[in-house]
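What follows is a set of notes on a single structure, which appears directly below.
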Amino acid sequence: MSEPRPRIGVVTFPGSLDDRDALRAVALMGAEPVSVWHAHRSLGDADAVILPGGFSYGDYLRTGAIARFAPAMESVAAFAAAGGPVLGICNGFQILCEAGLLPGALVRNKGLAFVCRWLTIRVENGEAGGHESSGNLTIGRRGELLSVPIKHGEGRFVASPDTLERLEGDGRVAFRYASPGGEVSEDFNPNGSTASIAGVWNEAGNVLGLMPHPEHAVDPDLGPTGGQPILQWLLSAARARVPA
Amino acid sequence: MSYRVVVGVRLKEGLLDPQGKAVEAALPSLGWTNVSGVRVGKEIELELDAPDEAAARAQVVEMSERFLSNPVIETFEILRVSEIMALSQSNQKAT
Amino acid sequence: MSYRVVVGVRLKEGLLDPQGKAVEAALPSLGWTNVSGVRVGKEIELELDAPDEAAARAQVVEMSERFLSNPVIETFEILRVSEIMALSQSNQKAT
Amino acid sequence: MAPVGGAGSGAGLTGATDETQPRTPAPPAEPLHRTLGLTDTEYAAIESGLGRAPEPTELAMYSVMWSEHCSYKSSKAHLRTLPTEGPRVLVGPGQDAGVVDVGDGVACVFKMESHSHPSAIEPYQGAATGVGGIVRDVLSMGARPAALLDPLRFGSLDGERNRYLFGGVVAGIGSYGNCIGVPTVGGEVKFADCHSANPTVNVMCLGFAAADALLQSRAGGPGSILLLIGAATGRDGIGGVSVLASQTLEEDAHESRPSVQIGDPFLEKLLIEACLELKDLGLLEGLKDLGGAGLTCAVSEAASGVRLGADLDLDRVALREQGMEPFEILISESQERMLAIVRPEDVGAAQEVCAKWGLTGAPVAAFVDGGTLTVRRGGEVVASLPARSLADEGPEYDRPAERPQWLDALSADDPARAPAPSSLEDAFISVLGSPNVAGTRWAFEQYDQLVQGQTLVGPGADAAVVRIEGTLRAVAVSADGNGRYGFLDPYAGAVHAVAEAARNVAAVGATPAAITNCLNFGNPERPEVMWQFREAVRGMGDACRAFGTPVTGGNVSFYNESAGSAIYPTPVIGMVGILEDYRLLVRSGFPAEGLAIYALGDTRPELGGSEYAEVVLGKVCGRPPAVDLEAESKLHRLLAASSRANVLASAHDCSDGGIAVALAESAINGGVGFDVVPAGGAAAHLWLFSESASRAVVAPALGSERALEELAAAHGVPCERVGTTGGGRLRFGDLFEVSLNDAIVVYESTIPRLMSAKRAAV
Ligand SMILES: Nc1ncnc2c1ncn2[C@@H]1O[C@H](COP(=O)(O)OP(=O)(O)O)[C@@H](O)[C@H]1O
Ligand SMILES: [Mg+2]
């Protein structure tokens, strides 16, 4: 018997842009892609959910500020509370922060300009909690390097000192921007993120948000494939929920 | 009654405001060497119906807390609340 | 003297304000059905040294015309000018 | 406050004056038609066509439709000489965008347009709305917009205003393209002093559709309903078409404030999705974008296209502002609007799709028999005109053209005769670090290059390559122009632009298929400009015929001049090529050490109009390099054949800066240095910097050297081994060498350094 094919839901908000890319990427990774419409409460029986990149509601007012009130977000919140795996990519990360499902916020890049480039991120905690398991439910070992693209104008992660302390202490910083050799420094911080943070986990470890775009780094014909381990985590977490 | 309200939404103190910094850095070369502490935030203007000014203000405070600002990164301030005269009275002073 | 000045910079009337429109469109579903005319602009706060309030205001007007606003599409308004007390006197009223 | 109602507000019609002013019409210094930019002859033609004097509203409609921008009155006669047909062309000029068949049932829709005039006044919004406009052109053919390119030209970045314009334009293109989810995959950034007051902002969009599911803007029959979808109509760009685009920018350009428009890319994204969903559901007979001249243009063209008339009810148009006059609604250029042509029974279903995307779809007009466009407001007829007369019967001029005398002296001054530079290394660094040659990462990192997930090659290469989902095919696309060549010889400049665009497309292994173009010129009422234009169109046509790449469409931007001083006559060519198997794509960087390097094509002592002449000798003079169209075609065929035979490890065309720059870019892009032996002895600078046409620098895959030589011989292309890849240095034999790292710094830091001089921040 082959492994069950998990259903991965991708929520399309008005202004979502990388929704079709996320659907294509999870299909390429072996999942069944499921489109979810922002105005509906149904998540389409998804085993995991992606909030994709883009400019939901034009990023007007604040990134994610309007999308987080969508009916589908009530379902996403309930799904996450019940332990369902949720991945927020770029605008999806911003929406999760606005919705309070992840701590902190994402503000304008330090350099003020939109930045689109391939770069390296370092895995800090391949799963939340700082421990390292070796199974499918981890993205990778600490220090592992992934080549992924970023493309955003508001990706500078900020949080209160308390929150930051907790994130670091609880092993919930998922990724940091790094040099190609894995060194973390301001020279390789593309947006001025606090402590070069590129992605964070929620407390329960089932919600992950990151600014880089793993869905654009899965197809070897297009470039490096550093997105695969990230989506693999989501697929594995989803598979674990598929009733046997 | 109709009120026009102006809300200012600002990045919290202590958060880096690169836009403010860029403005501040550009000013001296334009001849202003006497300016500091520049912060760039948002100004949101809106009109709303409310029974009285206090109610209008209270509603905008709630709106700002829940939606117009993000308390993780921003503070807000109601900068102005003014009554909008009905059109037929537009040239009269309110009593 | 030091003054803290707040300037509002807005899109000219008549020009489309996509941000204001999006905010306005979102409000009813959040329960505010009584809001209209939303415009989102910039609020710029700064501190400057000037001999007196009138001078401070005049300088900020010039700065706004030349630099803080883009006269092609924006207008501005000085929303507030307040004197900054020296630290030792911060709890006293200015005379 | 500056009074509203300057150049841009269609002064003379009541509604155009400032709302707060009492509406006392200004004393009529001039007849209305002249104020609106119509000549006495044009007015007479309108009057005799109608058999009566036009009402002011009608006159306003004619003035925008018969403007240069909409009627192509100065250029039409010349454009007609262009080759427009070929086996791959599905739709040629005359529609909103051209279409070629790329195989496997897929059509590629593409078009280029200028937004230079609005960008000169408000760079961010001007460029942003330019992107919006060209995207809607592609959308109107039923294609999903899939890629953007942005050929840009500015004055020197030493000037503060030029930095502001460049920064604003790039940010504006990024803001719009990024927000609608269309990747920006290529473009050009060039600098010349003649662009200081007149930046050139061209934008190209391409999209894909099933070849059997293209939409037509000529569609529908009597009774068909025209649904206006998208933004509410405001006083945007009132007079923008005829005034902004058809009159030379003067010092007081900022007075035309009301003509600046603000784009709403979020709304555009919704519009794209709604229109494509309408099409997929079979609810559309046809689709038209609203651009220049707004509703007047869209409705009259739609009706005239099917030889019908239309009843247009302005009461049904959703308005953003109060008190709008009929003429304002008719000619408003508010962005983010489309006109869908639907069967009456489908109106309800179509409106539901609009509502799903949060848009209104208002049935503003219906086609009627008889050819008359009748416009009503509050039940009253405000205009009643033959639709054809607006859309298709505009004036046409054969304007006088004359070769300027000043060209003789320039042509005679051949930079190849100047003494060799005292230091070849310094000359090389100057050329590599010239803003026209240096890397444009500063700009293209502000663009989303990846969204939609099909970008095989993005900005910074010869041609961008975009994969076609579900097939092995890809489209290669390049946008190119050469202002200096055009200035020195407009015929040659156009030939070079087409040749370079085709060469770029061929360098990645694709076969050039067809072009779109944007012709950027000065004031056509000046004979010397008209001569430049005529020559450029002739050159473009000749080159396209020689390469078998027909012209599927384009755009003409005149009046790019201030105080009698025009921009370089600059045709910008958007070339589309087809790659049958994207896995055979050839990249421009040296991928490995120890590969042989070959120069394809002949290098002659040609420095006229070259980058070397400008940055090292400080002059723009001489004759542009000769182009042998047959030799150029052979090179394209060789490059495509080499890709098919999988012989090449890298290929890069030779253009600005010559072989020296081509080699350096291959090294920088691949991260691998080289050692070459320059030819030419004492005149090595001619070999290094000559810009002879029809050349490329290639590295065959290890073991494929003979295969390349044989292919080249079979194609009749000179092919000479010049060196070997490897090491961390760019080594030009015994002449000089530069470390790869230093070269990267020179190449990558030029534009960021110039832009950091000081930034306008807010
Ligand atoms: N330089 C050109 N070469 C060929 N065709 C052109 C050129 N300029 C304009 N055209 C064609 O003329 C028609 C009108 O162009 P334009 O008014 O720019 O179209 P639209 O209003 O749809 O953007 C189009 O079909 C366009 O392709
Ligand atoms: Mg069009």
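Residue numbers start at 1 in each chain; chains themselves are named A, B, ... in the order of the structure tokens; ligands are numbered from 1 in the order shown.
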Ligand 1 neighbours within 8 Å using only C-alpha atoms and all ligand atoms, as a PyMOL selection string: chain D and resi 69-72+79+82+92-98+111+113+133-134+137+289-292+516-519+537+551-556
With a cut-off of 10 Å and counting only C-alpha atoms, select all residues of chain D in contact with chain A and give the selection as number ranges by chain. D: 171, 174-176, 178-182, 264-270, 273, 356-358, 441-457, 467, 582-583, 761
Once you have the residues from the selection above, write them out as a CSV table (one decimal), in the first residue's frame, restricted to N, CA and C atoms.
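Once written, out-v4.csv looks like this:
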chain,number,residue,atom,x,y,z
D,171,ALA,N,9.9,51.6,-9.0
D,171,ALA,CA,9.0,51.2,-7.8
D,171,ALA,C,7.6,51.1,-8.3
D,174,GLY,N,7.1,47.9,-10.2
D,174,GLY,CA,7.1,46.8,-9.3
D,174,GLY,C,5.8,46.7,-8.5
D,175,SER,N,5.4,47.9,-8.0
D,175,SER,CA,4.2,47.9,-7.1
D,175,SER,C,3.0,47.3,-7.9
D,176,TYR,N,2.9,47.6,-9.1
D,176,TYR,CA,1.7,47.2,-9.9
D,176,TYR,C,1.9,45.7,-10.3
D,178,ASN,N,3.8,43.4,-9.2
D,178,ASN,CA,3.9,42.5,-8.1
D,178,ASN,C,2.6,42.2,-7.5
D,179,CYS,N,1.7,43.2,-7.5
D,179,CYS,CA,0.4,43.1,-6.8
D,179,CYS,C,-0.6,42.4,-7.6
D,180,ILE,N,-0.4,42.3,-8.9
D,180,ILE,CA,-1.3,41.6,-9.8
D,180,ILE,C,-0.8,40.2,-10.1
D,181,GLY,N,0.3,39.8,-9.6
D,181,GLY,CA,0.8,38.4,-9.8
D,181,GLY,C,1.3,38.1,-11.2
D,182,VAL,N,1.8,39.1,-11.9
D,182,VAL,CA,2.4,38.9,-13.2
D,182,VAL,C,3.9,39.1,-13.0
D,264,ASP,N,-5.0,51.1,-9.2
D,264,ASP,CA,-5.4,50.2,-8.1
D,264,ASP,C,-5.2,48.7,-8.6
D,265,PRO,N,-3.9,48.3,-8.3
D,265,PRO,CA,-3.6,46.9,-8.9
D,265,PRO,C,-4.4,45.8,-8.3
D,266,PHE,N,-4.8,46.0,-7.0
D,266,PHE,CA,-5.7,45.0,-6.4
D,266,PHE,C,-6.9,44.8,-7.2
D,267,LEU,N,-7.5,45.9,-7.7
D,267,LEU,CA,-8.7,45.8,-8.5
D,267,LEU,C,-8.4,45.1,-9.8
D,268,GLU,N,-7.3,45.5,-10.4
D,268,GLU,CA,-6.9,44.9,-11.6
D,268,GLU,C,-6.7,43.3,-11.5
D,269,LYS,N,-6.2,42.9,-10.4
D,269,LYS,CA,-6.1,41.4,-10.2
D,269,LYS,C,-7.5,40.8,-10.2
D,270,LEU,N,-8.4,41.5,-9.5
D,270,LEU,CA,-9.8,40.9,-9.5
D,270,LEU,C,-10.4,40.9,-10.9
D,273,GLU,N,-9.1,38.0,-12.9
D,273,GLU,CA,-9.7,36.7,-12.6
D,273,GLU,C,-11.1,36.7,-13.0
D,356,LYS,N,-18.9,37.8,-7.6
D,356,LYS,CA,-18.1,36.8,-6.8
D,356,LYS,C,-16.7,37.5,-6.6
D,357,TRP,N,-16.2,38.2,-7.6
D,357,TRP,CA,-14.9,38.9,-7.4
D,357,TRP,C,-15.0,40.3,-6.9
D,358,GLY,N,-16.2,40.6,-6.3
D,358,GLY,CA,-16.4,41.9,-5.7
D,358,GLY,C,-16.4,43.1,-6.7
D,441,ARG,N,20.4,44.8,-11.6
D,441,ARG,CA,19.8,44.1,-10.4
D,441,ARG,C,19.1,45.1,-9.5
D,442,TRP,N,19.7,46.3,-9.3
D,442,TRP,CA,19.0,47.3,-8.5
D,442,TRP,C,17.5,47.5,-8.8
D,443,ALA,N,17.3,47.4,-10.1
D,443,ALA,CA,15.9,47.6,-10.6
D,443,ALA,C,15.1,46.2,-10.5
D,444,PHE,N,15.7,45.2,-11.1
D,444,PHE,CA,14.9,44.0,-11.2
D,444,PHE,C,14.7,43.2,-9.9
D,445,GLU,N,15.5,43.5,-8.9
D,445,GLU,CA,15.2,42.8,-7.6
D,445,GLU,C,13.9,43.4,-7.0
D,446,GLN,N,13.5,44.5,-7.5
D,446,GLN,CA,12.2,45.1,-7.0
D,446,GLN,C,11.0,44.5,-7.7
D,447,TYR,N,11.2,43.6,-8.6
D,447,TYR,CA,10.1,42.9,-9.3
D,447,TYR,C,10.0,41.5,-8.9
D,448,ASP,N,8.8,41.0,-8.7
D,448,ASP,CA,8.5,39.6,-8.5
D,448,ASP,C,8.8,38.9,-9.9
D,449,GLN,N,9.8,38.1,-9.9
D,449,GLN,CA,10.2,37.5,-11.2
D,449,GLN,C,9.6,36.0,-11.3
D,450,LEU,N,9.1,35.6,-10.2
D,450,LEU,CA,8.8,34.1,-10.1
D,450,LEU,C,7.4,33.7,-10.0
D,451,VAL,N,6.5,34.6,-9.7
D,451,VAL,CA,5.1,34.3,-9.5
D,451,VAL,C,4.6,33.6,-10.7
D,452,GLN,N,3.6,32.7,-10.6
D,452,GLN,CA,3.1,31.9,-11.7
D,452,GLN,C,4.0,30.7,-12.0
D,453,GLY,N,5.2,30.7,-11.4
D,453,GLY,CA,6.0,29.5,-11.4
D,453,GLY,C,6.5,28.9,-12.7
D,454,GLN,N,6.7,29.8,-13.7
D,454,GLN,CA,7.1,29.3,-15.0
D,454,GLN,C,8.4,30.0,-15.5
D,455,THR,N,9.0,30.8,-14.7
D,455,THR,CA,10.1,31.6,-15.2
D,455,THR,C,11.4,30.7,-15.2
D,456,LEU,N,11.8,30.3,-16.4
D,456,LEU,CA,13.0,29.5,-16.5
D,456,LEU,C,14.3,30.5,-16.5
D,457,VAL,N,14.1,31.6,-17.2
D,457,VAL,CA,15.2,32.6,-17.1
D,457,VAL,C,14.5,34.0,-16.9
D,467,ARG,N,8.1,29.2,-19.4
D,467,ARG,CA,7.6,27.9,-19.7
D,467,ARG,C,6.1,27.9,-19.9
D,582,TYR,N,12.0,23.1,-23.5
D,582,TYR,CA,12.7,24.0,-22.6
D,582,TYR,C,14.0,23.4,-22.0
D,583,ARG,N,14.0,22.1,-22.0
D,583,ARG,CA,15.2,21.4,-21.4
D,583,ARG,C,16.5,21.7,-22.3
D,761,ALA,N,12.6,60.4,-0.4
D,761,ALA,CA,12.2,59.3,0.4
D,761,ALA,C,10.7,59.0,0.6
Backbone-only DSSP, strand (DSSP E) members of segment 47-182 of chain A, as a PyMOL selection string: chain A and resi 48-51+86-89+105-107+115-123+145-152+156-158+173-178
The selected residues should be written to file as a short mmCIF file (atom, residue, chain, number, x, y, z; two decimals), in the first residue's frame (atoms: N, CA and C atoms).
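Written file, again26.cif:
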data_model
loop_
_atom_site.label_atom_id
_atom_site.label_comp_id
_atom_site.auth_asym_id
_atom_site.auth_seq_id
_atom_site.Cartn_x
_atom_site.Cartn_y
_atom_site.Cartn_z
N ALA A 48 -4.43 19.48 5.71
CA ALA A 48 -3.50 20.56 6.06
C ALA A 48 -3.90 21.77 5.21
N VAL A 49 -3.51 22.94 5.68
CA VAL A 49 -3.93 24.16 4.99
C VAL A 49 -2.72 25.05 4.72
N ILE A 50 -2.69 25.62 3.51
CA ILE A 50 -1.69 26.65 3.18
C ILE A 50 -2.39 27.98 2.99
N LEU A 51 -1.88 29.00 3.66
CA LEU A 51 -2.27 30.37 3.32
C LEU A 51 -1.17 30.89 2.39
N VAL A 86 -0.87 23.97 9.58
CA VAL A 86 -1.12 25.16 8.78
C VAL A 86 0.22 25.78 8.41
N LEU A 87 0.37 26.12 7.13
CA LEU A 87 1.59 26.78 6.65
C LEU A 87 1.21 28.12 6.04
N GLY A 88 1.79 29.18 6.56
CA GLY A 88 1.57 30.51 5.99
C GLY A 88 2.81 30.96 5.26
N ILE A 89 2.67 31.24 3.98
CA ILE A 89 3.82 31.63 3.16
C ILE A 89 3.69 33.11 2.83
N ALA A 105 4.78 40.43 14.10
CA ALA A 105 4.18 41.08 12.94
C ALA A 105 5.27 41.28 11.91
N LEU A 106 4.83 41.55 10.67
CA LEU A 106 5.78 41.78 9.59
C LEU A 106 5.59 43.19 9.07
N VAL A 107 6.67 43.95 9.09
CA VAL A 107 6.59 45.36 8.70
C VAL A 107 7.51 45.62 7.52
N VAL A 115 11.90 43.24 -2.38
CA VAL A 115 13.09 42.48 -2.72
C VAL A 115 12.70 41.10 -3.22
N CYS A 116 13.13 40.77 -4.43
CA CYS A 116 12.94 39.43 -4.97
C CYS A 116 14.32 38.85 -5.24
N ARG A 117 14.70 37.82 -4.50
CA ARG A 117 16.00 37.17 -4.76
C ARG A 117 16.03 35.77 -4.14
N TRP A 118 16.88 34.96 -4.70
CA TRP A 118 17.16 33.65 -4.11
C TRP A 118 18.16 33.85 -2.99
N LEU A 119 17.96 33.16 -1.88
CA LEU A 119 18.91 33.27 -0.79
C LEU A 119 18.92 31.97 0.00
N THR A 120 19.70 32.01 1.08
CA THR A 120 19.83 30.81 1.91
C THR A 120 19.15 31.06 3.25
N ILE A 121 18.38 30.08 3.71
CA ILE A 121 17.90 30.14 5.09
C ILE A 121 18.46 28.94 5.85
N ARG A 122 18.66 29.15 7.12
CA ARG A 122 19.22 28.10 7.98
C ARG A 122 18.10 27.57 8.86
N VAL A 123 17.98 26.26 8.91
CA VAL A 123 16.99 25.66 9.79
C VAL A 123 17.47 25.84 11.23
N LEU A 145 20.91 23.96 5.57
CA LEU A 145 20.73 25.16 4.75
C LEU A 145 19.78 24.87 3.59
N LEU A 146 18.88 25.79 3.33
CA LEU A 146 17.90 25.62 2.26
C LEU A 146 17.98 26.83 1.33
N SER A 147 17.98 26.55 0.04
CA SER A 147 18.00 27.62 -0.94
C SER A 147 16.58 27.89 -1.42
N VAL A 148 16.12 29.08 -1.16
CA VAL A 148 14.72 29.44 -1.44
C VAL A 148 14.66 30.89 -1.90
N PRO A 149 13.61 31.29 -2.60
CA PRO A 149 13.49 32.70 -2.96
C PRO A 149 12.63 33.47 -1.97
N ILE A 150 12.92 34.77 -1.87
CA ILE A 150 11.99 35.67 -1.18
C ILE A 150 11.47 36.67 -2.20
N LYS A 151 10.31 37.21 -1.94
CA LYS A 151 9.79 38.30 -2.77
C LYS A 151 8.73 39.03 -1.95
N HIS A 152 9.16 40.09 -1.33
CA HIS A 152 8.24 40.84 -0.47
C HIS A 152 8.76 42.25 -0.21
N ARG A 156 9.91 42.26 7.33
CA ARG A 156 10.75 42.43 8.52
C ARG A 156 9.98 41.97 9.75
N PHE A 157 10.42 40.85 10.31
CA PHE A 157 9.72 40.30 11.46
C PHE A 157 10.06 41.10 12.70
N VAL A 158 9.03 41.52 13.42
CA VAL A 158 9.24 42.23 14.69
C VAL A 158 8.30 41.65 15.74
N VAL A 173 11.82 29.54 16.76
CA VAL A 173 12.33 30.20 15.54
C VAL A 173 12.62 29.08 14.55
N ALA A 174 11.91 29.06 13.46
CA ALA A 174 12.06 27.95 12.51
C ALA A 174 13.28 28.17 11.61
N PHE A 175 13.40 29.38 11.05
CA PHE A 175 14.48 29.66 10.09
C PHE A 175 15.06 31.05 10.33
N ARG A 176 16.34 31.15 9.99
CA ARG A 176 16.96 32.48 9.90
C ARG A 176 17.60 32.63 8.54
N TYR A 177 17.64 33.87 8.06
CA TYR A 177 18.37 34.18 6.83
C TYR A 177 19.85 33.99 7.11
N ALA A 178 20.57 33.46 6.14
CA ALA A 178 21.99 33.16 6.37
C ALA A 178 22.78 33.36 5.09
#
Select, as a short mmCIF file (atom, residue, chain, number, x, y, z; two decimals) with all heavy atoms, in the first residue's frame, those residues of chain B with any atom no more than 10 Å from chain A (distances computed using only C-alpha atoms).
data_model
loop_
_atom_site.label_atom_id
_atom_site.label_comp_id
_atom_site.auth_asym_id
_atom_site.auth_seq_id
_atom_site.Cartn_x
_atom_site.Cartn_y
_atom_site.Cartn_z
N LEU B 11 3.94 53.69 14.10
CA LEU B 11 4.75 52.58 14.60
C LEU B 11 5.11 52.86 16.04
O LEU B 11 5.40 54.01 16.41
CB LEU B 11 6.04 52.45 13.78
CG LEU B 11 5.94 51.68 12.47
CD1 LEU B 11 7.31 51.66 11.79
CD2 LEU B 11 5.45 50.26 12.68
N LEU B 15 10.42 50.83 17.63
CA LEU B 15 10.49 50.08 16.38
C LEU B 15 11.16 50.94 15.33
O LEU B 15 10.84 52.12 15.18
CB LEU B 15 9.08 49.73 15.88
CG LEU B 15 8.50 48.40 16.35
CD1 LEU B 15 7.15 48.15 15.67
CD2 LEU B 15 9.45 47.25 16.02
N LEU B 16 12.07 50.33 14.61
CA LEU B 16 12.77 51.06 13.55
C LEU B 16 11.76 51.53 12.50
O LEU B 16 10.91 50.77 12.05
CB LEU B 16 13.79 50.12 12.89
CG LEU B 16 14.47 50.69 11.63
CD1 LEU B 16 15.44 51.79 12.02
CD2 LEU B 16 15.21 49.57 10.89
N ASP B 17 11.83 52.81 12.16
CA ASP B 17 10.95 53.36 11.11
C ASP B 17 11.85 53.80 9.96
O ASP B 17 12.30 54.94 9.91
CB ASP B 17 10.16 54.53 11.68
CG ASP B 17 9.40 55.27 10.60
OD1 ASP B 17 9.28 54.74 9.47
OD2 ASP B 17 8.94 56.40 10.87
N PRO B 18 12.13 52.89 9.02
CA PRO B 18 13.10 53.23 7.96
C PRO B 18 12.64 54.39 7.09
O PRO B 18 13.46 55.16 6.59
CB PRO B 18 13.22 51.94 7.14
CG PRO B 18 12.08 51.08 7.53
CD PRO B 18 11.60 51.54 8.87
N GLN B 19 11.34 54.52 6.92
CA GLN B 19 10.85 55.61 6.11
C GLN B 19 11.13 56.95 6.79
O GLN B 19 11.58 57.90 6.16
CB GLN B 19 9.35 55.43 5.88
CG GLN B 19 8.93 55.75 4.48
CD GLN B 19 7.42 55.65 4.33
OE1 GLN B 19 6.74 55.01 5.13
NE2 GLN B 19 6.90 56.29 3.31
N ALA B 22 14.71 57.73 6.45
CA ALA B 22 15.09 58.18 5.11
C ALA B 22 14.72 59.65 4.92
O ALA B 22 15.48 60.43 4.35
CB ALA B 22 14.43 57.31 4.06
N LYS B 42 0.46 56.50 9.42
CA LYS B 42 -0.70 56.60 8.54
C LYS B 42 -1.70 57.58 9.12
O LYS B 42 -1.85 57.69 10.34
CB LYS B 42 -1.39 55.23 8.43
CG LYS B 42 -0.70 54.31 7.46
CD LYS B 42 -1.56 53.09 7.17
CE LYS B 42 -1.47 52.09 8.29
NZ LYS B 42 -0.48 51.05 8.07
N ILE B 44 -5.68 58.25 8.83
CA ILE B 44 -6.92 57.70 8.29
C ILE B 44 -8.06 58.67 8.60
O ILE B 44 -8.27 59.03 9.76
CB ILE B 44 -7.20 56.31 8.88
CG1 ILE B 44 -6.02 55.38 8.54
CG2 ILE B 44 -8.51 55.75 8.33
CD1 ILE B 44 -5.99 54.11 9.35
N ARG B 66 -9.33 47.35 16.94
CA ARG B 66 -9.61 46.04 16.32
C ARG B 66 -9.07 45.93 14.91
O ARG B 66 -8.80 44.84 14.43
CB ARG B 66 -11.13 45.82 16.26
CG ARG B 66 -11.69 45.14 17.48
CD ARG B 66 -13.17 44.82 17.27
NE ARG B 66 -13.42 43.89 16.18
CZ ARG B 66 -14.60 43.77 15.55
NH1 ARG B 66 -15.61 44.52 15.90
NH2 ARG B 66 -14.74 42.90 14.57
N PHE B 67 -8.99 47.07 14.20
CA PHE B 67 -8.78 46.95 12.76
C PHE B 67 -7.78 47.95 12.19
O PHE B 67 -6.87 47.58 11.47
CB PHE B 67 -10.15 47.08 12.08
CG PHE B 67 -10.10 47.03 10.57
CD1 PHE B 67 -9.46 45.98 9.91
CD2 PHE B 67 -10.70 48.02 9.80
CE1 PHE B 67 -9.42 45.92 8.52
CE2 PHE B 67 -10.67 47.96 8.41
CZ PHE B 67 -10.02 46.92 7.77
N LEU B 68 -7.97 49.22 12.54
CA LEU B 68 -7.15 50.23 11.86
C LEU B 68 -5.69 50.19 12.29
O LEU B 68 -4.81 50.61 11.54
CB LEU B 68 -7.73 51.63 12.08
CG LEU B 68 -9.15 51.84 11.56
CD1 LEU B 68 -9.61 53.27 11.83
CD2 LEU B 68 -9.24 51.54 10.06
N SER B 69 -5.44 49.69 13.49
CA SER B 69 -4.06 49.56 13.92
C SER B 69 -3.81 48.14 14.40
O SER B 69 -4.74 47.42 14.74
CB SER B 69 -3.74 50.55 15.04
OG SER B 69 -4.27 50.06 16.26
N ASN B 70 -2.55 47.75 14.42
CA ASN B 70 -2.17 46.46 14.97
C ASN B 70 -1.39 46.72 16.24
O ASN B 70 -0.27 47.24 16.20
CB ASN B 70 -1.31 45.71 13.95
CG ASN B 70 -0.78 44.38 14.50
OD1 ASN B 70 -0.89 44.11 15.69
ND2 ASN B 70 -0.19 43.59 13.63
N PRO B 71 -1.98 46.38 17.39
CA PRO B 71 -1.35 46.75 18.68
C PRO B 71 0.02 46.13 18.89
O PRO B 71 0.77 46.59 19.73
CB PRO B 71 -2.35 46.24 19.72
CG PRO B 71 -3.22 45.25 19.00
CD PRO B 71 -3.23 45.64 17.56
N VAL B 72 0.36 45.10 18.11
CA VAL B 72 1.70 44.52 18.26
C VAL B 72 2.77 45.52 17.82
O VAL B 72 3.87 45.54 18.35
CB VAL B 72 1.81 43.22 17.43
CG1 VAL B 72 3.23 42.65 17.47
CG2 VAL B 72 0.81 42.18 17.93
N ILE B 73 2.41 46.33 16.85
CA ILE B 73 3.43 47.23 16.28
C ILE B 73 3.06 48.70 16.29
O ILE B 73 3.89 49.55 16.04
CB ILE B 73 3.74 46.85 14.81
CG1 ILE B 73 2.45 46.60 14.03
CG2 ILE B 73 4.66 45.65 14.73
CD1 ILE B 73 2.65 46.43 12.54
#
So how many Å separate atom CA of His131 of chain A and atom CA of Asn202 of chain A, to one decimal?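 Separation of atom CA of His131 of chain A and atom CA of Asn202 of chain A: 14.9 Å.
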Test item: residues at most 10 Å from Glu77 of chain C, only C-alpha atoms, excluding those fewer than 5 positions along its chain, as JSON, numbers by chain: {"C": [6, 7, 8, 9, 10, 43, 60, 61, 64]}
Please report as a PyMOL selection string which residues of chain B come no farther than 6 Å from chain C, using only C-alpha atoms. chain B and resi 34-49
Just want the 8 Å neighbourhood of Val200 of chain A, counted on only C-alpha atoms, with same-chain residues fewer than 3 positions away dropped. Output as JSON, numbers by chain. {"A": [102, 167, 172, 173, 174, 175, 197, 208, 209, 210]}
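Here atom CA of His195 of chain D and atom CA of Ser116 of chain D stand 10.3 Å from one another.
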Those of segment 239-368 of chain D in DSSP helix (DSSP H, G or I), formatted as a ChimeraX atom specification: /D:240-244,251-255,257-259,265-280,294-305,314-316,326-331,344-356
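Between chain C and the residues D:Pro54, D:Gly105, D:Pro527, D:Gly237, the shortest atom-to-atom distance, using only C-alpha atoms, involves D:Gly237.
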